[in-house]
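Worksheet: one structure, shown below.
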Amino acid sequence: MTPKRLEPERPRRRPALSPSRAGDFKVCPLLYRFRAVDRLPEQRSPAQVRGIVVHAVLERLFGLDPPLRVPSRAHTLLAEVAAELAEDDRALLGDLAGAAALVDAYFAMEDPRRLRPEACEVFLEVELDSGVGLRGYVDRLDVSPEGDVRIVDYKTGSAPREVFEARALFQLKFYALVLLRARGVLPRQLRLMYLADGQSLTHSPTRGELERFERTLVALWAAILRAAPTGDFRPNPGRMCGWCSHRAVCPAFGGTPPDYPGWPDDPDAPP
């Protein structure tokens, strides 16, 4: 099975918010347009490919019977996943040492033989009462015997400084809101596992907190829709520009964006 995040893109869906695209718009509305509307191609980085591979290894690890979830088997899975990559992605990944170190770091943080996740790499989707659609993939959903739900996300980088923790938790609050609105379930805990330094960031959301977060997402979507008819998604130059793949077509760097293809709001588009 090809790692999901290296598979060809799914058919274009009706416009909705994902954690990544919501984050793009907050950082730079034009970046959101390039990724969500124009769908301009981007060159992956070695770190991105390494992260995708490690996620695929952990997903497959939890597909095994619990006694088989040991480091040696995980390294076998790593070799299998790497062998399935396209040639360009294999070149970016290079040798397996970096990915192997992250897999080993995972085992230092928890024992997967003791866990019984409800699902791994699960696609969640809901439409809020406001009409805003939310969707995205959750790395892992854990459910305790008492029914408590924990959302777990793996990060192959290092834990953020305390001042940036709220930004780091944005993605998991997004998924917590989807679960609350889709299933009526308030997750007991959100957990970010930073494999590069073996640190974890945990948070227990409240219903009121997620209701406030929902209002933030509704306002964000309203801002997107205001720009949608004309394509007036403006650049917001900042420190993240150094990592952007689209500076050649960004007005902030003297470039010219492609013609606006129009907002993909076709009611007959595939769901």
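Chain labels A, B, ... are given in the sequence in which chains occur in the structure tokens; within each chain residues are numbered consecutively from 1, and ligands are likewise numbered from 1 in the order shown.
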
Name all residues at most 10 Å from A:Pro67 (count only C-alpha atoms; drop same-chain ones fewer than 4 positions away) and give them as a PDB file with C-alpha atoms, in the first residue's frame.
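Just written: selection-v6.pdb:
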```pdb
ATOM      1  CA  PRO A 112       2.335   0.416  21.157  1.00  0.00           C
ATOM      2  CA  ARG A 113       1.733  -3.151  22.366  1.00  0.00           C
ATOM      3  CA  ARG A 114      -0.338  -1.712  25.217  1.00  0.00           C
TER       4      ARG A 114
END
```

**Message:** Using DSSP assignments from the backbone, pull out every residue in stretch 68-261 of chain A that falls under helix (DSSP H, G or I) and give it to me as number ranges by chain.
**Reply:** A: 68, 71-84, 87-93, 97-109, 112-114, 162-168, 170-183, 207-227, 239-243, 247-249, 251-253

**Distance criterion (only C-alpha atoms): nearest to A:Asp129 out of A:Cys28, A:Leu195, A:Val178, A:Ala227** = A:Val178

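Closest to A:Tyr154 among A:Pro264, A:Gly136, A:Gly51, A:Pro257 is A:Gly51, based on only C-alpha atoms.
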
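Every protein, DNA or RNA residue with an atom at most 12 Å from A:Gln48, where only C-alpha atoms count and chain neighbours fewer than 6 positions away do not, is listed here: Arg5, Leu6, Glu42, Val54, His55, Asp89, Arg90, Leu92, Leu93, Ala99, Lys155, Thr156 and Gly157 of chain A.
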
Write the residues of the preceding selection, restricted to all heavy atoms, as a compact mmCIF listing (two decimals), in the first residue's frame.
```txt
# COMPACT_ATOMS: atom_id res chain seq x y z
N ARG A 5 -0.26 9.80 2.01
CA ARG A 5 0.04 11.18 1.68
C ARG A 5 0.98 11.30 0.50
O ARG A 5 1.39 12.37 0.12
CB ARG A 5 0.59 11.90 2.92
CG ARG A 5 -0.46 11.97 4.03
CD ARG A 5 0.09 12.53 5.31
NE ARG A 5 -0.89 12.41 6.39
CZ ARG A 5 -0.66 12.77 7.64
NH1 ARG A 5 0.50 13.26 7.98
NH2 ARG A 5 -1.58 12.63 8.56
N LEU A 6 1.35 10.18 -0.10
CA LEU A 6 2.12 10.21 -1.34
C LEU A 6 1.28 9.70 -2.50
O LEU A 6 1.76 9.62 -3.62
CB LEU A 6 3.39 9.35 -1.20
CG LEU A 6 4.44 9.89 -0.23
CD1 LEU A 6 5.67 8.99 -0.25
CD2 LEU A 6 4.83 11.30 -0.54
N GLU A 42 4.00 21.77 -5.75
CA GLU A 42 5.08 22.16 -4.84
C GLU A 42 6.09 21.03 -4.76
O GLU A 42 5.72 19.85 -4.76
CB GLU A 42 4.53 22.46 -3.44
CG GLU A 42 3.58 23.64 -3.40
CD GLU A 42 3.15 23.98 -1.98
OE1 GLU A 42 3.65 23.34 -1.03
OE2 GLU A 42 2.32 24.88 -1.82
N VAL A 54 7.47 8.17 8.02
CA VAL A 54 7.34 7.77 9.42
C VAL A 54 5.87 7.61 9.80
O VAL A 54 5.49 6.66 10.50
CB VAL A 54 8.05 8.78 10.34
CG1 VAL A 54 7.73 8.50 11.81
CG2 VAL A 54 9.56 8.72 10.12
N HIS A 55 5.02 8.51 9.33
CA HIS A 55 3.59 8.37 9.59
C HIS A 55 3.06 7.06 9.02
O HIS A 55 2.26 6.36 9.65
CB HIS A 55 2.83 9.56 8.98
CG HIS A 55 2.78 10.77 9.84
ND1 HIS A 55 3.84 11.64 9.95
CD2 HIS A 55 1.80 11.27 10.63
CE1 HIS A 55 3.52 12.62 10.77
NE2 HIS A 55 2.29 12.42 11.21
N ASP A 89 10.86 10.77 -4.68
CA ASP A 89 10.71 10.79 -3.24
C ASP A 89 11.79 9.96 -2.56
O ASP A 89 12.28 10.32 -1.47
CB ASP A 89 9.33 10.30 -2.83
CG ASP A 89 8.24 11.31 -3.16
OD1 ASP A 89 8.47 12.51 -2.98
OD2 ASP A 89 7.15 10.89 -3.60
N ARG A 90 12.20 8.85 -3.17
CA ARG A 90 13.30 8.06 -2.59
C ARG A 90 14.58 8.87 -2.56
O ARG A 90 15.37 8.78 -1.61
CB ARG A 90 13.50 6.77 -3.40
CG ARG A 90 12.53 5.65 -3.05
CD ARG A 90 13.07 4.29 -3.46
NE ARG A 90 13.35 4.21 -4.88
CZ ARG A 90 12.46 3.87 -5.81
NH1 ARG A 90 11.22 3.58 -5.44
NH2 ARG A 90 12.79 3.81 -7.08
N LEU A 92 14.81 12.11 -2.29
CA LEU A 92 14.69 13.10 -1.23
C LEU A 92 14.87 12.47 0.15
O LEU A 92 15.46 13.06 1.04
CB LEU A 92 13.33 13.80 -1.30
CG LEU A 92 13.13 14.80 -2.44
CD1 LEU A 92 11.68 15.24 -2.51
CD2 LEU A 92 14.04 16.01 -2.24
N LEU A 93 14.36 11.25 0.30
CA LEU A 93 14.48 10.58 1.59
C LEU A 93 15.93 10.23 1.90
O LEU A 93 16.37 10.33 3.05
CB LEU A 93 13.62 9.31 1.59
CG LEU A 93 13.63 8.49 2.87
CD1 LEU A 93 13.03 9.28 4.03
CD2 LEU A 93 12.86 7.18 2.67
N ALA A 99 14.92 8.64 9.28
CA ALA A 99 13.60 8.10 9.56
C ALA A 99 13.67 7.03 10.64
O ALA A 99 12.79 6.95 11.51
CB ALA A 99 12.99 7.54 8.29
N LYS A 155 4.41 14.41 15.28
CA LYS A 155 5.19 15.45 14.63
C LYS A 155 6.64 14.99 14.57
O LYS A 155 7.19 14.54 15.58
CB LYS A 155 5.11 16.78 15.40
CG LYS A 155 3.69 17.35 15.52
CD LYS A 155 3.12 17.71 14.17
CE LYS A 155 1.75 18.34 14.30
NZ LYS A 155 1.12 18.58 12.98
N THR A 156 7.26 15.10 13.40
CA THR A 156 8.63 14.61 13.27
C THR A 156 9.65 15.71 13.54
O THR A 156 10.84 15.47 13.42
CB THR A 156 8.85 14.00 11.87
OG1 THR A 156 8.38 14.91 10.87
CG2 THR A 156 8.08 12.70 11.74
N GLY A 157 9.17 16.89 13.92
CA GLY A 157 10.07 17.95 14.34
C GLY A 157 10.20 17.98 15.86
O GLY A 157 9.85 17.03 16.56
```

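Distance annotation: of A:Val57, A:Val81, A:Asp139, A:Phe174, the residue with the minimal separation from A:Arg215 is A:Phe174; atom set is only C-alpha atoms.
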
I'd like the neighbourhood of A:Pro71 as a short mmCIF file (atom, residue, chain, number, x, y, z; two decimals) with all heavy atoms, in the first residue's frame, where a residue qualifies if any of its atoms comes within 8 Å (using only C-alpha atoms), though same-chain residues fewer than 3 positions away should be ignored.
```
data_model
loop_
_atom_site.label_atom_id
_atom_site.label_comp_id
_atom_site.auth_asym_id
_atom_site.auth_seq_id
_atom_site.Cartn_x
_atom_site.Cartn_y
_atom_site.Cartn_z
N ALA A 74 9.03 -2.64 13.17
CA ALA A 74 8.85 -1.28 12.65
C ALA A 74 9.94 -0.94 11.63
O ALA A 74 9.67 -0.28 10.61
CB ALA A 74 8.86 -0.27 13.79
N HIS A 75 11.15 -1.39 11.87
CA HIS A 75 12.23 -1.12 10.91
C HIS A 75 12.03 -1.90 9.62
O HIS A 75 12.38 -1.43 8.53
CB HIS A 75 13.58 -1.44 11.55
CG HIS A 75 14.03 -0.39 12.52
ND1 HIS A 75 14.68 0.76 12.13
CD2 HIS A 75 13.90 -0.30 13.87
CE1 HIS A 75 14.93 1.51 13.19
NE2 HIS A 75 14.47 0.88 14.26
N VAL A 103 11.60 6.68 14.25
CA VAL A 103 10.85 5.49 14.64
C VAL A 103 11.31 5.01 16.02
O VAL A 103 10.49 4.68 16.90
CB VAL A 103 11.00 4.38 13.59
CG1 VAL A 103 10.42 3.06 14.11
CG2 VAL A 103 10.32 4.78 12.28
N ASP A 104 12.61 4.98 16.24
CA ASP A 104 13.13 4.57 17.55
C ASP A 104 12.67 5.54 18.64
O ASP A 104 12.37 5.13 19.77
CB ASP A 104 14.65 4.51 17.52
CG ASP A 104 15.17 3.32 16.71
OD1 ASP A 104 14.42 2.34 16.55
OD2 ASP A 104 16.33 3.39 16.22
N PHE A 107 9.24 4.70 19.96
CA PHE A 107 9.19 3.60 20.93
C PHE A 107 9.69 4.03 22.30
O PHE A 107 9.32 3.43 23.31
CB PHE A 107 10.00 2.41 20.41
CG PHE A 107 9.27 1.58 19.40
CD1 PHE A 107 9.43 1.82 18.05
CD2 PHE A 107 8.40 0.57 19.79
CE1 PHE A 107 8.76 1.06 17.10
CE2 PHE A 107 7.72 -0.19 18.86
CZ PHE A 107 7.89 0.05 17.50
#
```

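Across A:Ala119, A:Leu186, A:Leu201, A:Leu85, the tightest approach to A:Ala168 is made by A:Leu201 when counting only C-alpha atoms.
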
**Message:** DSSP on the backbone: which residues in stretch 90-170 of chain A end up as strand (DSSP E or B)? Give the answer as a VMD selection string.
**Reply:** chain A and resid 117 to 127 133 to 143 149 to 155

**Request:** For A:Thr230, please output as a VMD selection string all residues within 12 Å (counting only C-alpha atoms; exclusion window: fewer than 5 positions along the same chain).
**Result:** chain A and resid 33 224 to 225 259 to 263

Go ahead and save the picked residues with C-alpha atoms, as a PDB file, in the first residue's frame.
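Writing done, so here's selection05.pdb:
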```pdb
ATOM      1  CA  ARG A  33      -5.328  30.530  -2.941  1.00  0.00           C
ATOM      2  CA  ILE A 224     -12.213  33.339   2.602  1.00  0.00           C
ATOM      3  CA  LEU A 225     -15.629  33.617   0.968  1.00  0.00           C
ATOM      4  CA  ASP A 259      -5.119  33.804 -13.936  1.00  0.00           C
ATOM      5  CA  TYR A 260      -7.687  33.158 -11.249  1.00  0.00           C
ATOM      6  CA  PRO A 261      -9.485  29.916 -12.145  1.00  0.00           C
ATOM      7  CA  GLY A 262     -12.604  30.828 -10.201  1.00  0.00           C
ATOM      8  CA  TRP A 263     -13.930  29.564  -6.905  1.00  0.00           C
TER       9      TRP A 263
END
```

**Complete:** Across A:His203, A:Arg35, A:Arg73, A:His246, the smallest distance to A:Ile151, with only C-alpha atoms counted, is shown by A:His203

Which residues are near A:Glu121? Cut-off 9 Å, only C-alpha atoms, ignore same chain within fewer than 4 positions. Put them as a PDB file with N, CA and C atoms, in the first residue's frame.
```pdb
ATOM      1  N   LYS A   4      -0.410   7.000   2.207  1.00  0.00           N
ATOM      2  CA  LYS A   4      -1.572   7.781   1.768  1.00  0.00           C
ATOM      3  C   LYS A   4      -1.190   9.181   1.314  1.00  0.00           C
ATOM      4  N   HIS A  55       5.022   8.510   9.328  1.00  0.00           N
ATOM      5  CA  HIS A  55       3.589   8.374   9.589  1.00  0.00           C
ATOM      6  C   HIS A  55       3.060   7.058   9.017  1.00  0.00           C
ATOM      7  N   ALA A  56       3.488   6.723   7.808  1.00  0.00           N
ATOM      8  CA  ALA A  56       3.026   5.477   7.186  1.00  0.00           C
ATOM      9  C   ALA A  56       3.491   4.263   7.985  1.00  0.00           C
ATOM     10  N   GLU A  59       1.319   3.978  11.093  1.00  0.00           N
ATOM     11  CA  GLU A  59      -0.016   3.503  10.735  1.00  0.00           C
ATOM     12  C   GLU A  59      -0.004   1.986  10.528  1.00  0.00           C
ATOM     13  N   TYR A 137      -7.411  14.530   8.185  1.00  0.00           N
ATOM     14  CA  TYR A 137      -6.959  13.227   8.654  1.00  0.00           C
ATOM     15  C   TYR A 137      -6.395  13.331  10.060  1.00  0.00           C
ATOM     16  N   VAL A 138      -6.818  12.423  10.922  1.00  0.00           N
ATOM     17  CA  VAL A 138      -6.288  12.308  12.282  1.00  0.00           C
ATOM     18  C   VAL A 138      -5.313  11.142  12.307  1.00  0.00           C
ATOM     19  N   ASP A 139      -4.135  11.353  12.889  1.00  0.00           N
ATOM     20  CA  ASP A 139      -3.145  10.281  12.939  1.00  0.00           C
ATOM     21  C   ASP A 139      -3.644   9.087  13.738  1.00  0.00           C
ATOM     22  N   ARG A 140      -4.263   9.367  14.902  1.00  0.00           N
ATOM     23  CA  ARG A 140      -4.700   8.230  15.728  1.00  0.00           C
ATOM     24  C   ARG A 140      -5.804   8.657  16.685  1.00  0.00           C
ATOM     25  N   LEU A 141      -6.795   7.804  16.830  1.00  0.00           N
ATOM     26  CA  LEU A 141      -7.849   7.991  17.830  1.00  0.00           C
ATOM     27  C   LEU A 141      -7.753   6.859  18.842  1.00  0.00           C
TER      28      LEU A 141
END
```

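Near A:Asp95, within a cut-off of 12 Å and counting only C-alpha atoms, sit the residues Pro46, Val49, Arg50, Leu78, Ala79, Ala82, Ala83, Asp89, Arg90, Ala91, Ala99, Ala100 and Ala101 of chain A, with same-chain residues fewer than 4 positions away left out.
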
Just the selected residues (N, CA, C and O atoms), exported as a PDB file, in the first residue's frame, please.
```pdb
ATOM      1  N   PRO A  46      13.100  17.097   1.832  1.00  0.00           N
ATOM      2  CA  PRO A  46      13.477  15.837   2.489  1.00  0.00           C
ATOM      3  C   PRO A  46      12.755  15.636   3.822  1.00  0.00           C
ATOM      4  O   PRO A  46      12.337  14.522   4.137  1.00  0.00           O
ATOM      5  N   VAL A  49       9.149  14.388   3.159  1.00  0.00           N
ATOM      6  CA  VAL A  49       9.092  12.983   2.760  1.00  0.00           C
ATOM      7  C   VAL A  49       9.395  12.086   3.961  1.00  0.00           C
ATOM      8  O   VAL A  49       8.725  11.072   4.181  1.00  0.00           O
ATOM      9  N   ARG A  50      10.383  12.475   4.762  1.00  0.00           N
ATOM     10  CA  ARG A  50      10.710  11.683   5.947  1.00  0.00           C
ATOM     11  C   ARG A  50       9.501  11.615   6.883  1.00  0.00           C
ATOM     12  O   ARG A  50       9.175  10.549   7.429  1.00  0.00           O
ATOM     13  N   LEU A  78       9.587   0.117   7.778  1.00  0.00           N
ATOM     14  CA  LEU A  78      10.239   1.299   7.231  1.00  0.00           C
ATOM     15  C   LEU A  78      10.877   0.982   5.878  1.00  0.00           C
ATOM     16  O   LEU A  78      10.732   1.741   4.905  1.00  0.00           O
ATOM     17  N   ALA A  79      11.567  -0.131   5.801  1.00  0.00           N
ATOM     18  CA  ALA A  79      12.189  -0.518   4.532  1.00  0.00           C
ATOM     19  C   ALA A  79      11.132  -0.762   3.458  1.00  0.00           C
ATOM     20  O   ALA A  79      11.322  -0.402   2.290  1.00  0.00           O
ATOM     21  N   ALA A  82       9.692   2.672   2.300  1.00  0.00           N
ATOM     22  CA  ALA A  82      10.681   3.372   1.476  1.00  0.00           C
ATOM     23  C   ALA A  82      10.763   2.766   0.084  1.00  0.00           C
ATOM     24  O   ALA A  82      10.920   3.478  -0.915  1.00  0.00           O
ATOM     25  N   ALA A  83      10.658   1.444  -0.007  1.00  0.00           N
ATOM     26  CA  ALA A  83      10.742   0.769  -1.300  1.00  0.00           C
ATOM     27  C   ALA A  83       9.560   1.109  -2.201  1.00  0.00           C
ATOM     28  O   ALA A  83       9.657   0.990  -3.433  1.00  0.00           O
ATOM     29  N   ASP A  89      10.856  10.772  -4.683  1.00  0.00           N
ATOM     30  CA  ASP A  89      10.711  10.794  -3.235  1.00  0.00           C
ATOM     31  C   ASP A  89      11.795   9.961  -2.557  1.00  0.00           C
ATOM     32  O   ASP A  89      12.276  10.321  -1.474  1.00  0.00           O
ATOM     33  N   ARG A  90      12.196   8.849  -3.167  1.00  0.00           N
ATOM     34  CA  ARG A  90      13.296   8.057  -2.594  1.00  0.00           C
ATOM     35  C   ARG A  90      14.583   8.870  -2.561  1.00  0.00           C
ATOM     36  O   ARG A  90      15.366   8.779  -1.609  1.00  0.00           O
ATOM     37  N   ALA A  91      14.803   9.650  -3.613  1.00  0.00           N
ATOM     38  CA  ALA A  91      16.007  10.480  -3.654  1.00  0.00           C
ATOM     39  C   ALA A  91      15.975  11.529  -2.536  1.00  0.00           C
ATOM     40  O   ALA A  91      16.999  11.815  -1.907  1.00  0.00           O
ATOM     41  N   ALA A  99      14.924   8.637   9.284  1.00  0.00           N
ATOM     42  CA  ALA A  99      13.599   8.098   9.564  1.00  0.00           C
ATOM     43  C   ALA A  99      13.672   7.027  10.641  1.00  0.00           C
ATOM     44  O   ALA A  99      12.790   6.946  11.514  1.00  0.00           O
ATOM     45  N   ALA A 100      14.711   6.192  10.614  1.00  0.00           N
ATOM     46  CA  ALA A 100      14.853   5.137  11.613  1.00  0.00           C
ATOM     47  C   ALA A 100      15.010   5.724  13.014  1.00  0.00           C
ATOM     48  O   ALA A 100      14.471   5.191  13.993  1.00  0.00           O
ATOM     49  N   ALA A 101      15.725   6.836  13.120  1.00  0.00           N
ATOM     50  CA  ALA A 101      15.904   7.476  14.427  1.00  0.00           C
ATOM     51  C   ALA A 101      14.573   7.981  14.970  1.00  0.00           C
ATOM     52  O   ALA A 101      14.309   7.904  16.178  1.00  0.00           O
TER      53      ALA A 101
END
```

Stretch 14-95 of chain A residues near stretch 232-244 of chain A within 12 Å, closest pair each, using only C-alpha atoms, as a Markdown table:
```
| residue | atom | partner | partner_atom | distance |
| --- | --- | --- | --- | --- |
| A:Asp24 | CA | A:Met240 | CA | 10.6 |
| A:Phe25 | CA | A:Phe233 | CA | 8.9 |
| A:Lys26 | CA | A:Asn236 | CA | 9.3 |
| A:Val27 | CA | A:Asn236 | CA | 7.0 |
| A:Cys28 | CA | A:Asn236 | CA | 4.9 |
| A:Pro29 | CA | A:Phe233 | CA | 5.0 |
| A:Leu30 | CA | A:Phe233 | CA | 4.7 |
| A:Leu31 | CA | A:Pro235 | CA | 7.2 |
| A:Tyr32 | CA | A:Phe233 | CA | 7.8 |
| A:Arg33 | CA | A:Phe233 | CA | 6.4 |
| A:Phe34 | CA | A:Phe233 | CA | 9.2 |
| A:Arg35 | CA | A:Cys244 | CA | 11.1 |
| A:Ala36 | CA | A:Phe233 | CA | 11.4 |
| A:Val37 | CA | A:Phe233 | CA | 10.5 |
| A:Asp38 | CA | A:Phe233 | CA | 11.6 |
| A:Leu40 | CA | A:Cys244 | CA | 11.8 |
| A:Pro41 | CA | A:Cys244 | CA | 11.7 |
| A:Glu42 | CA | A:Cys244 | CA | 9.0 |
| A:Gln43 | CA | A:Cys244 | CA | 10.0 |
| A:Arg44 | CA | A:Trp243 | CA | 11.0 |
| A:Ser45 | CA | A:Trp243 | CA | 9.9 |
```

Store the residues picked out above, limited to C-alpha atoms, as a PDB file, in the first residue's frame.
```
ATOM      1  CA  ASP A  24      -2.347  28.796   5.236  1.00  0.00           C
ATOM      2  CA  PHE A  25      -5.011  31.508   5.143  1.00  0.00           C
ATOM      3  CA  LYS A  26      -4.024  32.801   8.574  1.00  0.00           C
ATOM      4  CA  VAL A  27      -0.385  33.039   7.483  1.00  0.00           C
ATOM      5  CA  CYS A  28      -0.962  34.329   3.945  1.00  0.00           C
ATOM      6  CA  PRO A  29      -4.291  34.485   2.037  1.00  0.00           C
ATOM      7  CA  LEU A  30      -2.464  34.241  -1.298  1.00  0.00           C
ATOM      8  CA  LEU A  31      -0.757  31.036  -0.182  1.00  0.00           C
ATOM      9  CA  TYR A  32      -4.212  29.659   0.585  1.00  0.00           C
ATOM     10  CA  ARG A  33      -5.328  30.530  -2.941  1.00  0.00           C
ATOM     11  CA  PHE A  34      -2.264  28.939  -4.549  1.00  0.00           C
ATOM     12  CA  ARG A  35      -2.775  25.698  -2.621  1.00  0.00           C
ATOM     13  CA  ALA A  36      -6.556  25.375  -2.311  1.00  0.00           C
ATOM     14  CA  VAL A  37      -7.818  27.039  -5.489  1.00  0.00           C
ATOM     15  CA  ASP A  38      -5.009  27.106  -8.076  1.00  0.00           C
ATOM     16  CA  LEU A  40      -0.077  24.849  -7.831  1.00  0.00           C
ATOM     17  CA  PRO A  41       2.467  22.021  -7.588  1.00  0.00           C
ATOM     18  CA  GLU A  42       5.078  22.157  -4.838  1.00  0.00           C
ATOM     19  CA  GLN A  43       8.404  20.414  -4.504  1.00  0.00           C
ATOM     20  CA  ARG A  44       8.562  18.271  -1.398  1.00  0.00           C
ATOM     21  CA  SER A  45      11.451  18.697   0.990  1.00  0.00           C
TER      22      SER A  45
END
```

How close does each residue of stretch 66-179 of chain A get to stretch 205-209 of chain A, giving the shortest atom pair and distance in Å to one decimal for every residue with an atom at most 12 Å away, counting only C-alpha atoms, sorted by chain and residue number, as a Markdown table?
```
| residue | atom | partner | partner_atom | distance |
| --- | --- | --- | --- | --- |
| A:Val149 | CA | A:Pro205 | CA | 11.5 |
| A:Arg150 | CA | A:Pro205 | CA | 10.7 |
| A:Ile151 | CA | A:Pro205 | CA | 11.0 |
| A:Ala166 | CA | A:Pro205 | CA | 12.0 |
| A:Leu169 | CA | A:Pro205 | CA | 10.3 |
| A:Phe170 | CA | A:Pro205 | CA | 11.5 |
| A:Leu172 | CA | A:Pro205 | CA | 9.7 |
| A:Lys173 | CA | A:Pro205 | CA | 7.6 |
| A:Phe174 | CA | A:Pro205 | CA | 11.0 |
| A:Tyr175 | CA | A:Pro205 | CA | 11.3 |
| A:Ala176 | CA | A:Pro205 | CA | 8.0 |
| A:Leu177 | CA | A:Arg207 | CA | 8.9 |
| A:Leu179 | CA | A:Arg207 | CA | 11.5 |
```
